[in-house]
Amino acid sequence: MSTDPQRFEILVVPEHVEGRDAASLAKSAIRSAVVEATGRRGSSGYPRYEGEGVVADIDPATRTVEALLVDGSELDYGLSVRVVDVADR
């Protein structure tokens, strides 16, 4: 049985936004989605999470997004993504 988190919240924010505080990041987010573990690994080798139009391969130990599609497309330049625990907000 995996001990990896089963859910994360993905926040798409402008690239210039700094910090890791979930509440502050949420205020700057232009899009958010709760993603859930699929039980599969993505092409990056990390666990795959999906939900609300977002597909992400996330390293659960570091909360680093290794691959991401939003509505089937990569992020536009000038945007970045942050991962927060669902319970953090």
# chains A, B, ... in the order shown; residues from 1 in each chain; ligands from 1
>>> select_by_dssp(residues="chain A", states="strand (DSSP E or B)", output="PyMOL selection string")
chain A and resi 7-14+31-41+47-51+54-59+64-70+73+79-84
>>> atom_distance(atom1="atom CA of Gly53 of chain A", atom2="atom CA of Asp71 of chain A")
4.9 Å
>>> closest_residue(among="A:Ser43, A:Ser24, A:Ser32, A:Ser73", to="Leu11 of chain A", atoms="only C-alpha atoms")
A:Ser32
>>> residues_around(residues="Thr62 of chain A", least_positions_apart="6", cutoff="12 Å", atoms="only C-alpha atoms", output="VMD selection string")
chain A and resid 4 to 5 46 82 to 85
>>> write_last_selection(atoms="all heavy atoms", output="PDB file, in the first residue's frame")
ATOM      1  N   ASP A   4       2.011   7.518  -0.328  1.00  0.00           N
ATOM      2  CA  ASP A   4       1.981   8.813  -1.003  1.00  0.00           C
ATOM      3  C   ASP A   4       0.637   9.489  -0.748  1.00  0.00           C
ATOM      4  O   ASP A   4      -0.389   8.826  -0.652  1.00  0.00           O
ATOM      5  CB  ASP A   4       2.162   8.640  -2.515  1.00  0.00           C
ATOM      6  CG  ASP A   4       3.548   8.141  -2.895  1.00  0.00           C
ATOM      7  OD1 ASP A   4       4.477   8.307  -2.090  1.00  0.00           O
ATOM      8  OD2 ASP A   4       3.688   7.591  -3.994  1.00  0.00           O
ATOM      9  N   PRO A   5       0.631  10.830  -0.670  1.00  0.00           N
ATOM     10  CA  PRO A   5      -0.633  11.538  -0.515  1.00  0.00           C
ATOM     11  C   PRO A   5      -1.581  11.200  -1.654  1.00  0.00           C
ATOM     12  O   PRO A   5      -1.160  11.009  -2.793  1.00  0.00           O
ATOM     13  CB  PRO A   5      -0.219  13.012  -0.570  1.00  0.00           C
ATOM     14  CG  PRO A   5       1.229  13.011  -0.192  1.00  0.00           C
ATOM     15  CD  PRO A   5       1.777  11.722  -0.710  1.00  0.00           C
ATOM     16  N   TYR A  46       6.974   9.517 -11.997  1.00  0.00           N
ATOM     17  CA  TYR A  46       6.364   9.900 -10.725  1.00  0.00           C
ATOM     18  C   TYR A  46       4.875   9.582 -10.737  1.00  0.00           C
ATOM     19  O   TYR A  46       4.273   9.420 -11.795  1.00  0.00           O
ATOM     20  CB  TYR A  46       6.580  11.400 -10.460  1.00  0.00           C
ATOM     21  CG  TYR A  46       8.007  11.698 -10.110  1.00  0.00           C
ATOM     22  CD1 TYR A  46       8.907  12.103 -11.086  1.00  0.00           C
ATOM     23  CD2 TYR A  46       8.464  11.529  -8.813  1.00  0.00           C
ATOM     24  CE1 TYR A  46      10.228  12.351 -10.760  1.00  0.00           C
ATOM     25  CE2 TYR A  46       9.787  11.775  -8.482  1.00  0.00           C
ATOM     26  CZ  TYR A  46      10.663  12.188  -9.461  1.00  0.00           C
ATOM     27  OH  TYR A  46      11.973  12.424  -9.137  1.00  0.00           O
ATOM     28  N   ARG A  82       2.172  25.590  -8.395  1.00  0.00           N
ATOM     29  CA  ARG A  82       2.559  25.242  -7.031  1.00  0.00           C
ATOM     30  C   ARG A  82       1.631  24.145  -6.546  1.00  0.00           C
ATOM     31  O   ARG A  82       0.460  24.084  -6.922  1.00  0.00           O
ATOM     32  CB  ARG A  82       2.447  26.449  -6.092  1.00  0.00           C
ATOM     33  CG  ARG A  82       3.229  27.652  -6.536  1.00  0.00           C
ATOM     34  CD  ARG A  82       4.728  27.466  -6.383  1.00  0.00           C
ATOM     35  NE  ARG A  82       5.526  28.467  -7.048  1.00  0.00           N
ATOM     36  CZ  ARG A  82       5.589  29.752  -6.776  1.00  0.00           C
ATOM     37  NH1 ARG A  82       4.853  30.277  -5.838  1.00  0.00           N
ATOM     38  NH2 ARG A  82       6.366  30.558  -7.464  1.00  0.00           N
ATOM     39  N   VAL A  83       2.160  23.293  -5.703  1.00  0.00           N
ATOM     40  CA  VAL A  83       1.403  22.189  -5.130  1.00  0.00           C
ATOM     41  C   VAL A  83       1.257  22.436  -3.641  1.00  0.00           C
ATOM     42  O   VAL A  83       2.234  22.722  -2.957  1.00  0.00           O
ATOM     43  CB  VAL A  83       2.140  20.845  -5.361  1.00  0.00           C
ATOM     44  CG1 VAL A  83       1.415  19.710  -4.681  1.00  0.00           C
ATOM     45  CG2 VAL A  83       2.294  20.578  -6.850  1.00  0.00           C
ATOM     46  N   VAL A  84       0.032  22.340  -3.146  1.00  0.00           N
ATOM     47  CA  VAL A  84      -0.212  22.467  -1.708  1.00  0.00           C
ATOM     48  C   VAL A  84      -1.073  21.294  -1.270  1.00  0.00           C
ATOM     49  O   VAL A  84      -1.807  20.704  -2.061  1.00  0.00           O
ATOM     50  CB  VAL A  84      -0.889  23.808  -1.339  1.00  0.00           C
ATOM     51  CG1 VAL A  84       0.017  24.983  -1.663  1.00  0.00           C
ATOM     52  CG2 VAL A  84      -2.227  23.976  -2.006  1.00  0.00           C
ATOM     53  N   ASP A  85      -0.940  20.939  -0.022  1.00  0.00           N
ATOM     54  CA  ASP A  85      -1.800  19.898   0.530  1.00  0.00           C
ATOM     55  C   ASP A  85      -3.211  20.456   0.608  1.00  0.00           C
ATOM     56  O   ASP A  85      -3.412  21.627   0.952  1.00  0.00           O
ATOM     57  CB  ASP A  85      -1.320  19.472   1.913  1.00  0.00           C
ATOM     58  CG  ASP A  85       0.004  18.737   1.863  1.00  0.00           C
ATOM     59  OD1 ASP A  85       0.277  18.061   0.834  1.00  0.00           O
ATOM     60  OD2 ASP A  85       0.772  18.835   2.823  1.00  0.00           O
TER      61      ASP A  85
END
>>> select_by_dssp(residues="chain A", states="helix (DSSP H, G or I)", output="compact mmCIF listing (two decimals) with N, CA and C atoms, in the first residue's frame")
# COMPACT_ATOMS: atom_id res chain seq x y z
N ALA A 22 0.21 28.61 1.47
CA ALA A 22 -0.94 28.18 0.67
C ALA A 22 -2.00 29.27 0.55
N ALA A 23 -2.29 29.96 1.62
CA ALA A 23 -3.33 30.99 1.59
C ALA A 23 -2.92 32.15 0.69
N SER A 24 -1.67 32.58 0.77
CA SER A 24 -1.18 33.67 -0.08
C SER A 24 -1.15 33.26 -1.55
N LEU A 25 -0.69 32.04 -1.81
CA LEU A 25 -0.65 31.55 -3.18
C LEU A 25 -2.06 31.47 -3.77
N ALA A 26 -3.00 31.04 -2.97
CA ALA A 26 -4.38 30.90 -3.46
C ALA A 26 -4.95 32.25 -3.88
N LYS A 27 -4.56 33.32 -3.20
CA LYS A 27 -5.04 34.66 -3.56
C LYS A 27 -4.51 35.10 -4.92
N SER A 28 -3.33 34.60 -5.29
CA SER A 28 -2.70 34.98 -6.56
C SER A 28 -3.01 34.02 -7.69
N VAL A 86 -4.18 19.65 0.32
CA VAL A 86 -5.58 20.09 0.32
C VAL A 86 -5.96 20.64 1.69
N ALA A 87 -5.44 20.07 2.75
CA ALA A 87 -5.79 20.50 4.11
C ALA A 87 -5.13 21.80 4.51
N ASP A 88 -4.17 22.33 3.71
CA ASP A 88 -3.43 23.55 4.07
C ASP A 88 -4.27 24.81 3.93
>>> residues_around(residues="Leu79 of chain A", least_positions_apart="5", cutoff="7 Å", atoms="only C-alpha atoms", output="MDAnalysis selection string")
chainID A and resid 12:15
>>> residues_around(residues="Glu66 of chain A", least_positions_apart="3", cutoff="12 Å", atoms="only C-alpha atoms", output="JSON, numbers by chain")
{"A": [41, 42, 43, 44, 45, 46, 47, 48, 49, 55, 56, 57, 58, 59, 60, 62, 63, 69, 81, 82, 83]}
>>> write_last_selection(atoms="N, CA and C atoms", output="tab-separated table (two decimals), in the first residue's frame")
chain	number	residue	atom	x	y	z
A	41	ARG	N	1.73	5.60	-12.77
A	41	ARG	CA	2.88	6.50	-12.86
A	41	ARG	C	2.86	7.14	-14.23
A	42	GLY	N	3.24	8.40	-14.28
A	42	GLY	CA	3.29	9.11	-15.55
A	42	GLY	C	4.58	8.81	-16.29
A	43	SER	N	4.73	9.42	-17.45
A	43	SER	CA	5.93	9.19	-18.26
A	43	SER	C	7.19	9.69	-17.56
A	44	SER	N	7.05	10.58	-16.60
A	44	SER	CA	8.19	11.06	-15.83
A	44	SER	C	8.66	10.04	-14.80
A	45	GLY	N	7.83	9.04	-14.52
A	45	GLY	CA	8.15	8.04	-13.50
A	45	GLY	C	7.55	8.34	-12.14
A	46	TYR	N	6.97	9.52	-12.00
A	46	TYR	CA	6.36	9.90	-10.72
A	46	TYR	C	4.87	9.58	-10.74
A	47	PRO	N	4.26	9.51	-9.55
A	47	PRO	CA	2.82	9.21	-9.49
A	47	PRO	C	1.99	10.23	-10.27
A	48	ARG	N	0.95	9.73	-10.92
A	48	ARG	CA	0.06	10.57	-11.73
A	48	ARG	C	-1.14	10.97	-10.88
A	49	TYR	N	-1.49	12.24	-10.96
A	49	TYR	CA	-2.65	12.80	-10.28
A	49	TYR	C	-3.52	13.48	-11.32
A	55	VAL	N	-3.84	17.24	-15.29
A	55	VAL	CA	-3.12	15.97	-15.18
A	55	VAL	C	-1.70	16.33	-14.80
A	56	ALA	N	-1.21	15.76	-13.70
A	56	ALA	CA	0.12	16.12	-13.21
A	56	ALA	C	0.86	14.90	-12.69
A	57	ASP	N	2.15	14.84	-13.00
A	57	ASP	CA	3.06	13.87	-12.38
A	57	ASP	C	3.75	14.64	-11.26
A	58	ILE	N	3.56	14.19	-10.02
A	58	ILE	CA	4.06	14.93	-8.86
A	58	ILE	C	4.97	14.04	-8.03
A	59	ASP	N	6.13	14.59	-7.66
A	59	ASP	CA	7.01	13.92	-6.70
A	59	ASP	C	6.41	14.20	-5.32
A	60	PRO	N	5.78	13.21	-4.70
A	60	PRO	CA	5.09	13.49	-3.43
A	60	PRO	C	6.03	13.87	-2.28
A	62	THR	N	8.74	15.89	-2.47
A	62	THR	CA	9.16	17.29	-2.55
A	62	THR	C	8.06	18.22	-3.01
A	63	ARG	N	6.91	17.66	-3.41
A	63	ARG	CA	5.77	18.43	-3.95
A	63	ARG	C	6.17	19.14	-5.25
A	69	LEU	N	-0.35	19.01	-17.53
A	69	LEU	CA	-1.23	19.46	-18.61
A	69	LEU	C	-2.46	20.08	-17.95
A	81	VAL	N	3.40	26.67	-11.52
A	81	VAL	CA	2.45	25.88	-10.76
A	81	VAL	C	3.02	25.57	-9.39
A	82	ARG	N	2.17	25.59	-8.40
A	82	ARG	CA	2.56	25.24	-7.03
A	82	ARG	C	1.63	24.14	-6.55
A	83	VAL	N	2.16	23.29	-5.70
A	83	VAL	CA	1.40	22.19	-5.13
A	83	VAL	C	1.26	22.44	-3.64
>>> atom_distance(atom1="atom CA of Tyr77 of chain A", atom2="atom CA of Arg40 of chain A")
28.2 Å
>>> residues_around(residues="Val54 of chain A", least_positions_apart="3", cutoff="9 Å", atoms="only C-alpha atoms", output="PDB file with N, CA and C atoms, in the first residue's frame")
ATOM      1  N   ILE A  10      -3.500  21.931  -6.934  1.00  0.00           N
ATOM      2  CA  ILE A  10      -2.587  22.557  -7.885  1.00  0.00           C
ATOM      3  C   ILE A  10      -3.026  24.007  -8.032  1.00  0.00           C
ATOM      4  N   ALA A  33      -7.020  23.518  -8.937  1.00  0.00           N
ATOM      5  CA  ALA A  33      -7.689  22.233  -9.150  1.00  0.00           C
ATOM      6  C   ALA A  33      -7.234  21.262  -8.074  1.00  0.00           C
ATOM      7  N   VAL A  34      -8.163  20.482  -7.572  1.00  0.00           N
ATOM      8  CA  VAL A  34      -7.821  19.393  -6.669  1.00  0.00           C
ATOM      9  C   VAL A  34      -7.610  18.161  -7.530  1.00  0.00           C
ATOM     10  N   VAL A  35      -6.442  17.559  -7.392  1.00  0.00           N
ATOM     11  CA  VAL A  35      -6.106  16.368  -8.168  1.00  0.00           C
ATOM     12  C   VAL A  35      -5.963  15.182  -7.222  1.00  0.00           C
ATOM     13  N   TYR A  49      -1.485  12.241 -10.961  1.00  0.00           N
ATOM     14  CA  TYR A  49      -2.650  12.800 -10.277  1.00  0.00           C
ATOM     15  C   TYR A  49      -3.518  13.481 -11.320  1.00  0.00           C
ATOM     16  N   GLU A  50      -4.852  13.373 -11.181  1.00  0.00           N
ATOM     17  CA  GLU A  50      -5.767  13.975 -12.151  1.00  0.00           C
ATOM     18  C   GLU A  50      -6.983  14.558 -11.444  1.00  0.00           C
ATOM     19  N   GLY A  51      -7.522  15.612 -12.042  1.00  0.00           N
ATOM     20  CA  GLY A  51      -8.773  16.177 -11.560  1.00  0.00           C
ATOM     21  C   GLY A  51      -9.021  17.558 -12.113  1.00  0.00           C
ATOM     22  N   LEU A  68       2.944  18.385 -16.443  1.00  0.00           N
ATOM     23  CA  LEU A  68       1.641  18.995 -16.193  1.00  0.00           C
ATOM     24  C   LEU A  68       0.932  19.321 -17.498  1.00  0.00           C
ATOM     25  N   LEU A  69      -0.346  19.009 -17.534  1.00  0.00           N
ATOM     26  CA  LEU A  69      -1.233  19.457 -18.606  1.00  0.00           C
ATOM     27  C   LEU A  69      -2.460  20.084 -17.953  1.00  0.00           C
ATOM     28  N   VAL A  70      -2.867  21.234 -18.465  1.00  0.00           N
ATOM     29  CA  VAL A  70      -4.080  21.901 -18.013  1.00  0.00           C
ATOM     30  C   VAL A  70      -5.009  21.964 -19.216  1.00  0.00           C
ATOM     31  N   ASP A  71      -6.136  21.313 -19.105  1.00  0.00           N
ATOM     32  CA  ASP A  71      -7.079  21.209 -20.218  1.00  0.00           C
ATOM     33  C   ASP A  71      -6.389  20.699 -21.484  1.00  0.00           C
ATOM     34  N   GLY A  72      -5.464  19.760 -21.309  1.00  0.00           N
ATOM     35  CA  GLY A  72      -4.782  19.124 -22.429  1.00  0.00           C
ATOM     36  C   GLY A  72      -3.597  19.884 -22.990  1.00  0.00           C
TER      37      GLY A  72
END
